[in-house]
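Structure file protein-v8.cif with mmCIF, N, CA and C atoms:
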```
data_protein
loop_
_atom_site.label_atom_id
_atom_site.label_comp_id
_atom_site.auth_asym_id
_atom_site.auth_seq_id
_atom_site.Cartn_x
_atom_site.Cartn_y
_atom_site.Cartn_z
N MET Y 968 -165.51 10.69 -34.32
CA MET Y 968 -166.80 11.06 -33.76
C MET Y 968 -166.61 11.27 -32.27
N ASP Y 969 -167.03 12.41 -31.75
CA ASP Y 969 -166.85 12.73 -30.34
C ASP Y 969 -167.89 12.09 -29.44
N ASP Y 970 -169.05 11.78 -29.95
CA ASP Y 970 -170.13 11.27 -29.12
C ASP Y 970 -170.60 9.92 -29.66
N PHE Y 971 -170.25 8.85 -28.96
CA PHE Y 971 -170.63 7.51 -29.40
C PHE Y 971 -172.13 7.32 -29.41
N ARG Y 972 -172.85 8.12 -28.62
CA ARG Y 972 -174.31 7.97 -28.57
C ARG Y 972 -174.94 8.21 -29.93
N GLN Y 973 -174.28 8.99 -30.77
CA GLN Y 973 -174.83 9.28 -32.09
C GLN Y 973 -174.83 8.05 -32.99
N VAL Y 974 -173.96 7.09 -32.72
CA VAL Y 974 -173.87 5.92 -33.60
C VAL Y 974 -174.45 4.67 -32.97
N ILE Y 975 -175.01 4.78 -31.77
CA ILE Y 975 -175.58 3.61 -31.10
C ILE Y 975 -177.05 3.49 -31.46
N ASP Y 976 -177.41 2.36 -32.07
CA ASP Y 976 -178.80 2.05 -32.38
C ASP Y 976 -179.31 1.14 -31.26
N LEU Y 977 -180.09 1.68 -30.33
CA LEU Y 977 -180.52 0.92 -29.17
C LEU Y 977 -181.39 -0.28 -29.53
N ASP Y 978 -181.95 -0.30 -30.74
CA ASP Y 978 -182.75 -1.45 -31.16
C ASP Y 978 -181.86 -2.63 -31.55
N GLN Y 979 -180.58 -2.35 -31.81
CA GLN Y 979 -179.69 -3.42 -32.26
C GLN Y 979 -178.48 -3.61 -31.36
N VAL Y 980 -178.39 -2.87 -30.26
CA VAL Y 980 -177.24 -2.95 -29.39
C VAL Y 980 -177.23 -4.28 -28.63
N THR Y 981 -176.03 -4.81 -28.41
CA THR Y 981 -175.88 -6.06 -27.66
C THR Y 981 -174.92 -5.82 -26.50
N GLY Y 982 -174.87 -6.80 -25.62
CA GLY Y 982 -173.92 -6.73 -24.52
C GLY Y 982 -172.50 -6.65 -25.04
N ASP Y 983 -172.23 -7.32 -26.17
CA ASP Y 983 -170.89 -7.27 -26.76
C ASP Y 983 -170.52 -5.84 -27.15
N ASP Y 984 -171.50 -5.08 -27.65
CA ASP Y 984 -171.24 -3.68 -28.01
C ASP Y 984 -170.87 -2.86 -26.77
N THR Y 985 -171.57 -3.13 -25.68
CA THR Y 985 -171.30 -2.40 -24.44
C THR Y 985 -169.92 -2.75 -23.91
N VAL Y 986 -169.57 -4.04 -23.93
CA VAL Y 986 -168.25 -4.46 -23.49
C VAL Y 986 -167.17 -3.83 -24.37
N ARG Y 987 -167.40 -3.81 -25.67
CA ARG Y 987 -166.44 -3.23 -26.61
C ARG Y 987 -166.20 -1.75 -26.31
N LEU Y 988 -167.27 -1.01 -26.02
CA LEU Y 988 -167.16 0.41 -25.70
C LEU Y 988 -166.38 0.61 -24.39
N ALA Y 989 -166.65 -0.23 -23.38
CA ALA Y 989 -165.93 -0.13 -22.11
C ALA Y 989 -164.45 -0.43 -22.32
N ARG Y 990 -164.15 -1.44 -23.14
CA ARG Y 990 -162.74 -1.77 -23.40
C ARG Y 990 -162.05 -0.66 -24.18
N THR Y 991 -162.78 -0.01 -25.08
CA THR Y 991 -162.22 1.12 -25.82
C THR Y 991 -161.87 2.25 -24.87
N ALA Y 992 -162.76 2.51 -23.92
CA ALA Y 992 -162.49 3.56 -22.93
C ALA Y 992 -161.27 3.21 -22.09
N ALA Y 993 -161.17 1.94 -21.68
CA ALA Y 993 -160.02 1.51 -20.87
C ALA Y 993 -158.72 1.64 -21.66
N GLU Y 994 -158.75 1.29 -22.92
CA GLU Y 994 -157.55 1.41 -23.76
C GLU Y 994 -157.19 2.87 -24.00
N ALA Y 995 -158.22 3.73 -24.11
CA ALA Y 995 -157.94 5.16 -24.28
C ALA Y 995 -157.22 5.71 -23.05
N VAL Y 996 -157.64 5.27 -21.86
CA VAL Y 996 -156.96 5.72 -20.64
C VAL Y 996 -155.54 5.17 -20.61
N ARG Y 997 -155.37 3.94 -21.03
CA ARG Y 997 -154.02 3.36 -21.09
C ARG Y 997 -153.14 4.17 -22.04
N GLY Y 998 -153.68 4.56 -23.19
CA GLY Y 998 -152.94 5.40 -24.14
C GLY Y 998 -152.62 6.77 -23.55
N LEU Y 999 -153.58 7.32 -22.81
CA LEU Y 999 -153.36 8.61 -22.16
C LEU Y 999 -152.23 8.51 -21.13
N ASN Y 1000 -152.23 7.41 -20.37
CA ASN Y 1000 -151.13 7.20 -19.41
C ASN Y 1000 -149.78 7.20 -20.12
N HIS Y 1001 -149.73 6.54 -21.26
CA HIS Y 1001 -148.47 6.47 -22.02
C HIS Y 1001 -148.06 7.86 -22.52
N LEU Y 1002 -149.01 8.58 -23.10
CA LEU Y 1002 -148.69 9.90 -23.66
C LEU Y 1002 -148.26 10.89 -22.60
N THR Y 1003 -148.90 10.85 -21.44
CA THR Y 1003 -148.56 11.82 -20.40
C THR Y 1003 -147.28 11.46 -19.66
N SER Y 1004 -146.72 10.28 -19.94
CA SER Y 1004 -145.44 9.94 -19.32
C SER Y 1004 -144.27 10.57 -20.07
N HIS Y 1005 -144.56 11.21 -21.19
CA HIS Y 1005 -143.54 11.88 -22.00
C HIS Y 1005 -143.86 13.38 -22.05
N ASP Y 1006 -142.84 14.20 -21.92
CA ASP Y 1006 -143.05 15.65 -21.93
C ASP Y 1006 -143.76 16.12 -23.19
N ALA Y 1007 -143.44 15.48 -24.31
CA ALA Y 1007 -144.06 15.91 -25.57
C ALA Y 1007 -145.57 15.65 -25.56
N GLY Y 1008 -146.03 14.72 -24.73
CA GLY Y 1008 -147.45 14.41 -24.66
C GLY Y 1008 -148.26 15.51 -23.99
N LEU Y 1009 -147.58 16.41 -23.29
CA LEU Y 1009 -148.28 17.52 -22.65
C LEU Y 1009 -147.98 18.83 -23.37
N GLY Y 1010 -146.72 19.15 -23.56
CA GLY Y 1010 -146.34 20.31 -24.37
C GLY Y 1010 -146.52 21.64 -23.69
N GLN Y 1011 -147.73 22.00 -23.32
CA GLN Y 1011 -148.04 23.30 -22.73
C GLN Y 1011 -148.89 23.10 -21.48
N PRO Y 1012 -148.81 24.02 -20.54
CA PRO Y 1012 -149.68 23.92 -19.35
C PRO Y 1012 -151.17 23.85 -19.72
N SER Y 1013 -151.53 24.50 -20.80
CA SER Y 1013 -152.95 24.47 -21.20
C SER Y 1013 -153.39 23.05 -21.55
N ALA Y 1014 -152.46 22.22 -22.07
CA ALA Y 1014 -152.81 20.82 -22.37
C ALA Y 1014 -153.11 20.08 -21.08
N ALA Y 1015 -152.29 20.32 -20.04
CA ALA Y 1015 -152.54 19.68 -18.75
C ALA Y 1015 -153.90 20.11 -18.20
N TYR Y 1016 -154.21 21.38 -18.36
CA TYR Y 1016 -155.49 21.91 -17.88
C TYR Y 1016 -156.65 21.23 -18.61
N ASP Y 1017 -156.56 21.17 -19.93
CA ASP Y 1017 -157.64 20.55 -20.71
C ASP Y 1017 -157.77 19.07 -20.41
N ILE Y 1018 -156.65 18.37 -20.25
CA ILE Y 1018 -156.70 16.93 -19.94
C ILE Y 1018 -157.36 16.71 -18.59
N THR Y 1019 -156.97 17.52 -17.60
CA THR Y 1019 -157.56 17.39 -16.26
C THR Y 1019 -159.06 17.63 -16.32
N GLY Y 1020 -159.49 18.62 -17.07
CA GLY Y 1020 -160.92 18.89 -17.22
C GLY Y 1020 -161.66 17.74 -17.87
N ALA Y 1021 -161.07 17.17 -18.91
CA ALA Y 1021 -161.71 16.04 -19.60
C ALA Y 1021 -161.79 14.83 -18.67
N LEU Y 1022 -160.74 14.61 -17.89
CA LEU Y 1022 -160.75 13.48 -16.96
C LEU Y 1022 -161.79 13.69 -15.86
N ALA Y 1023 -161.92 14.92 -15.38
CA ALA Y 1023 -162.94 15.21 -14.36
C ALA Y 1023 -164.33 14.92 -14.91
N LEU Y 1024 -164.55 15.32 -16.16
CA LEU Y 1024 -165.86 15.07 -16.77
C LEU Y 1024 -166.10 13.57 -16.92
N ALA Y 1025 -165.09 12.83 -17.38
CA ALA Y 1025 -165.23 11.38 -17.54
C ALA Y 1025 -165.49 10.71 -16.19
N ALA Y 1026 -164.73 11.11 -15.18
CA ALA Y 1026 -164.90 10.51 -13.85
C ALA Y 1026 -166.27 10.82 -13.29
N SER Y 1027 -166.80 12.01 -13.57
CA SER Y 1027 -168.12 12.37 -13.05
C SER Y 1027 -169.23 11.54 -13.68
N ARG Y 1028 -168.96 10.96 -14.84
CA ARG Y 1028 -169.97 10.15 -15.52
C ARG Y 1028 -169.92 8.67 -15.11
N LEU Y 1029 -168.83 8.23 -14.50
CA LEU Y 1029 -168.70 6.83 -14.12
C LEU Y 1029 -169.71 6.38 -13.07
N PRO Y 1030 -170.02 7.17 -12.04
CA PRO Y 1030 -170.97 6.69 -11.05
C PRO Y 1030 -172.32 6.28 -11.64
N GLN Y 1031 -172.78 6.98 -12.67
CA GLN Y 1031 -174.05 6.61 -13.30
C GLN Y 1031 -173.96 5.23 -13.93
N ALA Y 1032 -172.88 4.97 -14.67
CA ALA Y 1032 -172.72 3.67 -15.31
C ALA Y 1032 -172.63 2.57 -14.26
N LEU Y 1033 -171.87 2.82 -13.20
CA LEU Y 1033 -171.72 1.82 -12.15
C LEU Y 1033 -173.04 1.56 -11.44
N SER Y 1034 -173.84 2.59 -11.23
CA SER Y 1034 -175.17 2.43 -10.62
C SER Y 1034 -176.08 1.60 -11.51
N GLN Y 1035 -176.03 1.87 -12.81
CA GLN Y 1035 -176.88 1.14 -13.75
C GLN Y 1035 -176.47 -0.34 -13.80
N ILE Y 1036 -175.18 -0.62 -13.75
CA ILE Y 1036 -174.72 -2.01 -13.76
C ILE Y 1036 -175.17 -2.72 -12.49
N THR Y 1037 -175.02 -2.05 -11.34
CA THR Y 1037 -175.45 -2.64 -10.07
C THR Y 1037 -176.94 -2.92 -10.09
N ARG Y 1038 -177.74 -1.96 -10.57
CA ARG Y 1038 -179.20 -2.14 -10.65
C ARG Y 1038 -179.54 -3.33 -11.54
N TRP Y 1039 -178.86 -3.45 -12.68
CA TRP Y 1039 -179.14 -4.55 -13.60
C TRP Y 1039 -178.81 -5.89 -12.94
N LEU Y 1040 -177.66 -5.97 -12.27
CA LEU Y 1040 -177.29 -7.22 -11.60
C LEU Y 1040 -178.32 -7.59 -10.54
N ASP Y 1041 -178.77 -6.62 -9.75
CA ASP Y 1041 -179.79 -6.89 -8.73
C ASP Y 1041 -181.09 -7.38 -9.36
N GLN Y 1042 -181.51 -6.76 -10.46
CA GLN Y 1042 -182.75 -7.17 -11.12
C GLN Y 1042 -182.61 -8.55 -11.75
N ALA Y 1043 -181.45 -8.82 -12.36
CA ALA Y 1043 -181.24 -10.13 -12.98
C ALA Y 1043 -181.22 -11.22 -11.92
N LEU Y 1044 -180.63 -10.94 -10.78
CA LEU Y 1044 -180.60 -11.91 -9.69
C LEU Y 1044 -182.00 -12.17 -9.16
N ALA Y 1045 -182.77 -11.10 -8.96
CA ALA Y 1045 -184.14 -11.25 -8.45
C ALA Y 1045 -185.02 -12.01 -9.43
N ALA Y 1046 -184.76 -11.85 -10.73
CA ALA Y 1046 -185.56 -12.52 -11.74
C ALA Y 1046 -185.08 -13.95 -12.01
N GLY Y 1047 -184.02 -14.36 -11.33
CA GLY Y 1047 -183.51 -15.72 -11.52
C GLY Y 1047 -182.74 -15.91 -12.81
N ARG Y 1048 -182.27 -14.81 -13.41
CA ARG Y 1048 -181.54 -14.93 -14.68
C ARG Y 1048 -180.05 -15.16 -14.48
N LEU Y 1049 -179.57 -15.04 -13.25
CA LEU Y 1049 -178.16 -15.30 -12.97
C LEU Y 1049 -178.04 -16.69 -12.39
N GLY Y 1050 -177.04 -17.39 -12.80
CA GLY Y 1050 -176.83 -18.73 -12.27
C GLY Y 1050 -175.36 -19.07 -12.29
N HIS Y 1051 -175.09 -20.30 -11.96
CA HIS Y 1051 -173.71 -20.77 -11.90
C HIS Y 1051 -173.66 -22.12 -12.58
N ASP Y 1052 -172.58 -22.41 -13.26
CA ASP Y 1052 -172.44 -23.69 -13.96
C ASP Y 1052 -172.59 -24.87 -13.02
N LEU Y 1053 -172.26 -24.70 -11.76
CA LEU Y 1053 -172.34 -25.78 -10.79
C LEU Y 1053 -173.67 -25.80 -10.06
N GLY Y 1054 -174.58 -24.92 -10.46
CA GLY Y 1054 -175.90 -24.88 -9.85
C GLY Y 1054 -175.96 -24.17 -8.51
N GLU Y 1055 -174.89 -23.50 -8.11
CA GLU Y 1055 -174.87 -22.80 -6.84
C GLU Y 1055 -175.62 -21.48 -6.95
N ASP Y 1056 -176.14 -21.02 -5.84
CA ASP Y 1056 -176.84 -19.75 -5.79
C ASP Y 1056 -175.81 -18.62 -5.93
N PRO Y 1057 -175.97 -17.76 -6.94
CA PRO Y 1057 -174.99 -16.70 -7.16
C PRO Y 1057 -175.22 -15.45 -6.30
N ALA Y 1058 -176.20 -15.49 -5.40
CA ALA Y 1058 -176.56 -14.28 -4.66
C ALA Y 1058 -175.37 -13.68 -3.92
N GLU Y 1059 -174.57 -14.52 -3.27
CA GLU Y 1059 -173.44 -13.99 -2.50
C GLU Y 1059 -172.44 -13.28 -3.42
N ALA Y 1060 -172.14 -13.89 -4.57
CA ALA Y 1060 -171.19 -13.28 -5.50
C ALA Y 1060 -171.74 -11.98 -6.08
N VAL Y 1061 -173.03 -11.96 -6.40
CA VAL Y 1061 -173.64 -10.74 -6.94
C VAL Y 1061 -173.68 -9.65 -5.87
N ASP Y 1062 -174.01 -10.02 -4.64
CA ASP Y 1062 -174.01 -9.03 -3.56
C ASP Y 1062 -172.61 -8.46 -3.36
N ALA Y 1063 -171.59 -9.32 -3.40
CA ALA Y 1063 -170.21 -8.84 -3.25
C ALA Y 1063 -169.84 -7.91 -4.41
N ALA Y 1064 -170.25 -8.29 -5.63
CA ALA Y 1064 -169.97 -7.43 -6.79
C ALA Y 1064 -170.66 -6.08 -6.62
N ALA Y 1065 -171.88 -6.08 -6.09
CA ALA Y 1065 -172.61 -4.82 -5.89
C ALA Y 1065 -171.88 -3.94 -4.88
N VAL Y 1066 -171.31 -4.55 -3.83
CA VAL Y 1066 -170.54 -3.78 -2.86
C VAL Y 1066 -169.32 -3.15 -3.53
N PHE Y 1067 -168.60 -3.96 -4.32
CA PHE Y 1067 -167.42 -3.43 -5.01
C PHE Y 1067 -167.80 -2.33 -6.01
N LEU Y 1068 -168.91 -2.51 -6.71
CA LEU Y 1068 -169.36 -1.48 -7.64
C LEU Y 1068 -169.76 -0.21 -6.89
N GLY Y 1069 -170.39 -0.37 -5.73
CA GLY Y 1069 -170.74 0.79 -4.92
C GLY Y 1069 -169.50 1.55 -4.47
N ASP Y 1070 -168.48 0.79 -4.05
CA ASP Y 1070 -167.21 1.42 -3.68
C ASP Y 1070 -166.58 2.13 -4.87
N ALA Y 1071 -166.64 1.48 -6.04
CA ALA Y 1071 -166.08 2.09 -7.25
C ALA Y 1071 -166.83 3.37 -7.61
N ARG Y 1072 -168.15 3.36 -7.41
CA ARG Y 1072 -168.97 4.54 -7.68
C ARG Y 1072 -168.53 5.70 -6.79
N MET Y 1073 -168.32 5.39 -5.49
CA MET Y 1073 -167.89 6.45 -4.57
C MET Y 1073 -166.47 6.93 -4.92
N SER Y 1074 -165.61 5.99 -5.32
CA SER Y 1074 -164.25 6.38 -5.70
C SER Y 1074 -164.26 7.25 -6.95
N ALA Y 1075 -165.11 6.90 -7.91
CA ALA Y 1075 -165.20 7.70 -9.13
C ALA Y 1075 -165.71 9.10 -8.82
N ALA Y 1076 -166.68 9.20 -7.92
CA ALA Y 1076 -167.19 10.53 -7.54
C ALA Y 1076 -166.11 11.34 -6.84
N ALA Y 1077 -165.35 10.68 -5.97
CA ALA Y 1077 -164.25 11.38 -5.27
C ALA Y 1077 -163.18 11.82 -6.26
N LEU Y 1078 -162.87 10.94 -7.23
CA LEU Y 1078 -161.88 11.28 -8.25
C LEU Y 1078 -162.34 12.48 -9.06
N ALA Y 1079 -163.61 12.50 -9.42
CA ALA Y 1079 -164.14 13.64 -10.18
C ALA Y 1079 -163.97 14.92 -9.38
N GLY Y 1080 -164.23 14.86 -8.08
CA GLY Y 1080 -164.06 16.04 -7.24
C GLY Y 1080 -162.60 16.46 -7.14
N ASP Y 1081 -161.71 15.48 -6.98
CA ASP Y 1081 -160.27 15.79 -6.90
C ASP Y 1081 -159.76 16.40 -8.20
N LEU Y 1082 -160.21 15.85 -9.32
CA LEU Y 1082 -159.77 16.39 -10.60
C LEU Y 1082 -160.31 17.79 -10.82
N ASP Y 1083 -161.54 18.02 -10.38
CA ASP Y 1083 -162.11 19.37 -10.49
C ASP Y 1083 -161.30 20.35 -9.65
N ALA Y 1084 -160.91 19.92 -8.44
CA ALA Y 1084 -160.10 20.78 -7.58
C ALA Y 1084 -158.74 21.05 -8.24
N ALA Y 1085 -158.15 20.03 -8.85
CA ALA Y 1085 -156.86 20.22 -9.55
C ALA Y 1085 -157.03 21.20 -10.69
N GLN Y 1086 -158.13 21.08 -11.41
CA GLN Y 1086 -158.38 22.00 -12.52
C GLN Y 1086 -158.50 23.44 -12.01
N GLN Y 1087 -159.14 23.62 -10.87
CA GLN Y 1087 -159.27 24.96 -10.29
C GLN Y 1087 -157.90 25.52 -9.90
N GLN Y 1088 -157.03 24.68 -9.37
CA GLN Y 1088 -155.68 25.13 -9.01
C GLN Y 1088 -154.88 25.50 -10.26
N LEU Y 1089 -155.03 24.71 -11.31
CA LEU Y 1089 -154.34 25.03 -12.56
C LEU Y 1089 -154.85 26.35 -13.12
N ALA Y 1090 -156.13 26.61 -12.94
CA ALA Y 1090 -156.69 27.88 -13.43
C ALA Y 1090 -156.02 29.07 -12.75
N LEU Y 1091 -155.70 28.91 -11.47
CA LEU Y 1091 -155.03 29.99 -10.75
C LEU Y 1091 -153.63 30.25 -11.31
N ILE Y 1092 -152.97 29.18 -11.75
CA ILE Y 1092 -151.61 29.30 -12.27
C ILE Y 1092 -151.61 29.78 -13.72
N ASN Y 1093 -152.46 29.20 -14.53
CA ASN Y 1093 -152.43 29.43 -15.97
C ASN Y 1093 -153.44 30.44 -16.45
N GLY Y 1094 -154.23 30.97 -15.57
CA GLY Y 1094 -155.29 31.87 -16.00
C GLY Y 1094 -156.54 31.08 -16.28
N THR Y 1095 -157.64 31.72 -16.22
CA THR Y 1095 -158.90 31.05 -16.45
C THR Y 1095 -159.09 30.80 -17.94
N PRO Y 1096 -159.42 29.55 -18.32
CA PRO Y 1096 -159.66 29.29 -19.74
C PRO Y 1096 -160.93 30.00 -20.20
N ARG Y 1097 -161.06 30.14 -21.48
CA ARG Y 1097 -162.26 30.79 -22.00
C ARG Y 1097 -163.48 29.99 -21.56
N ASN Y 1098 -164.57 30.68 -21.34
CA ASN Y 1098 -165.79 30.01 -20.94
C ASN Y 1098 -166.38 29.29 -22.13
N ARG Y 1099 -166.58 28.00 -21.96
CA ARG Y 1099 -167.19 27.21 -23.03
C ARG Y 1099 -168.71 27.34 -22.94
N THR Y 1100 -169.36 27.21 -24.08
CA THR Y 1100 -170.81 27.20 -24.05
C THR Y 1100 -171.25 25.87 -23.45
N LEU Y 1101 -172.50 25.79 -23.02
CA LEU Y 1101 -173.03 24.55 -22.46
C LEU Y 1101 -172.91 23.42 -23.46
N LYS Y 1102 -173.16 23.69 -24.73
CA LYS Y 1102 -173.04 22.65 -25.76
C LYS Y 1102 -171.61 22.18 -25.90
N GLU Y 1103 -170.64 23.08 -25.90
CA GLU Y 1103 -169.23 22.69 -26.01
C GLU Y 1103 -168.82 21.84 -24.81
N HIS Y 1104 -169.26 22.22 -23.60
CA HIS Y 1104 -168.92 21.47 -22.40
C HIS Y 1104 -169.53 20.08 -22.47
N HIS Y 1105 -170.78 19.98 -22.91
CA HIS Y 1105 -171.49 18.70 -23.00
C HIS Y 1105 -170.85 17.81 -24.07
N ASP Y 1106 -170.41 18.40 -25.18
CA ASP Y 1106 -169.84 17.63 -26.28
C ASP Y 1106 -168.47 17.06 -25.94
N ARG Y 1107 -167.81 17.60 -24.93
CA ARG Y 1107 -166.49 17.11 -24.55
C ARG Y 1107 -166.67 15.79 -23.89
#
```

For this file, produce the structure as structure tokens.
Amino acid sequence: MDDFRQVIDLDQVTGDDTVRLARTAAEAVRGLNHLTSHDAGLGQPSAAYDITGALALAASRLPQALSQITRWLDQALAAGRLGHDLGEDPAEAVDAAAVFLGDARMSAAALAGDLDAAQQQLALINGTPRNRTLKEHHDR
């Protein structure tokens, strides 16, 4: 299944489901790193072009997730739902996490831009790929 959103029932989703999906994405990137370390994992320049495009799309979607996580942490802290086993105020740790998430959001946006630029350079070398329909681009 290309789109996990089709199988997510928001009435029954849990934090464990979200963590599982994030770990699946991380493992997919780890697998991609392994495959691209071997020539057979790329095969043709067009594979490099398609991979770069998919990575640019993935990177462009990360800032939204990071923003949503930061917003949730801020709201949970304000509502008093975050705590510490030792009874300490978690505000400093949550604020620090928000700073790191903000930095990660900016890094992900920069990465998306860099990957898009790389894709444009590959297009000059390999020729322009066929134009995908909006639905095909969104489904990737």

How would you write, as a tab-separated table (two decimals) with N, CA and C atoms, keeping the file's coordinate frame, the residues chosen by the PyMOL selection byres (((chain Y and resi 1029 and name CA) around 10) and name CA) on this structure?
```tsv
chain	number	residue	atom	x	y	z
Y	1024	LEU	N	-164.55	15.32	-16.16
Y	1024	LEU	CA	-165.86	15.07	-16.77
Y	1024	LEU	C	-166.10	13.57	-16.92
Y	1025	ALA	N	-165.09	12.83	-17.38
Y	1025	ALA	CA	-165.23	11.38	-17.54
Y	1025	ALA	C	-165.49	10.71	-16.19
Y	1026	ALA	N	-164.73	11.11	-15.18
Y	1026	ALA	CA	-164.90	10.51	-13.85
Y	1026	ALA	C	-166.27	10.82	-13.29
Y	1027	SER	N	-166.80	12.01	-13.57
Y	1027	SER	CA	-168.12	12.37	-13.05
Y	1027	SER	C	-169.23	11.54	-13.68
Y	1028	ARG	N	-168.96	10.96	-14.84
Y	1028	ARG	CA	-169.97	10.15	-15.52
Y	1028	ARG	C	-169.92	8.67	-15.11
Y	1030	PRO	N	-170.02	7.17	-12.04
Y	1030	PRO	CA	-170.97	6.69	-11.05
Y	1030	PRO	C	-172.32	6.28	-11.64
Y	1031	GLN	N	-172.78	6.98	-12.67
Y	1031	GLN	CA	-174.05	6.61	-13.30
Y	1031	GLN	C	-173.96	5.23	-13.93
Y	1032	ALA	N	-172.88	4.97	-14.67
Y	1032	ALA	CA	-172.72	3.67	-15.31
Y	1032	ALA	C	-172.63	2.57	-14.26
Y	1033	LEU	N	-171.87	2.82	-13.20
Y	1033	LEU	CA	-171.72	1.82	-12.15
Y	1033	LEU	C	-173.04	1.56	-11.44
Y	1034	SER	N	-173.84	2.59	-11.23
Y	1034	SER	CA	-175.17	2.43	-10.62
Y	1034	SER	C	-176.08	1.60	-11.51
Y	1035	GLN	N	-176.03	1.87	-12.81
Y	1035	GLN	CA	-176.88	1.14	-13.75
Y	1035	GLN	C	-176.47	-0.34	-13.80
Y	1071	ALA	N	-166.64	1.48	-6.04
Y	1071	ALA	CA	-166.08	2.09	-7.25
Y	1071	ALA	C	-166.83	3.37	-7.61
Y	1072	ARG	N	-168.15	3.36	-7.41
Y	1072	ARG	CA	-168.97	4.54	-7.68
Y	1072	ARG	C	-168.53	5.70	-6.79
Y	1073	MET	N	-168.32	5.39	-5.49
Y	1073	MET	CA	-167.89	6.45	-4.57
Y	1073	MET	C	-166.47	6.93	-4.92
Y	1074	SER	N	-165.61	5.99	-5.32
Y	1074	SER	CA	-164.25	6.38	-5.70
Y	1074	SER	C	-164.26	7.25	-6.95
Y	1075	ALA	N	-165.11	6.90	-7.91
Y	1075	ALA	CA	-165.20	7.70	-9.13
Y	1075	ALA	C	-165.71	9.10	-8.82
Y	1076	ALA	N	-166.68	9.20	-7.92
Y	1076	ALA	CA	-167.19	10.53	-7.54
Y	1076	ALA	C	-166.11	11.34	-6.84
Y	1079	ALA	N	-163.61	12.50	-9.42
Y	1079	ALA	CA	-164.14	13.64	-10.18
Y	1079	ALA	C	-163.97	14.92	-9.38
```

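Of note, atom N of Y:Asp1062 and atom CA of Y:Val986 are spaced 20.5 Å apart.
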
Kindly list the centre and edge lengths in Å, rounded to one decimal, for the axis-aligned box that covers all listed atoms of stretch 1078-1081 of chain Y plus 3 Å on each of its six sides, as JSON.
```
{"center_x": -162.0, "center_y": 13.7, "center_z": -8.5, "size_x": 10.5, "size_y": 11.5, "size_z": 9.3}
```

Using only C-alpha atoms, which of Y:Thr991, Y:Thr1019, Y:Ser1004, Y:Gln979 sits nearest Y:Gly1080?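 Selected residue with least distance to Y:Gly1080: Y:Thr1019.
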
For Y:Leu1089, which residue among Y:Leu1040, Y:Ala1058, Y:Tyr1016, Y:Ala1045 is the nearest when counting all atoms listed in the file? Y:Tyr1016

Could you check which of Y:Gly1020, Y:Pro1012, Y:Gly1069, Y:Pro1057 is closest to Y:Thr1037, using all atoms listed in the file?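 Among the listed residues, the smallest separation from Y:Thr1037 belongs to Y:Gly1069.
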
Atomic separation - atom CA of Y:Gln1087 relative to atom CA of Y:Ala995, Å: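 Result for atom CA of Y:Ala995 versus atom CA of Y:Gln1087: 24.3 Å, one decimal.
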
So how far away is atom CA of Y:Gln1042 from atom C of Y:Ala1065, in Å? 12.9 Å

Check the smallest atom-to-atom distance from each of Y:Ile1018, Y:Val1066, Y:Ala1023, Y:Ala1077 to Y:Asp1041 using only C-alpha atoms, then report the winner.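 Answer, going by the shortest atom-to-atom distance: Y:Val1066.
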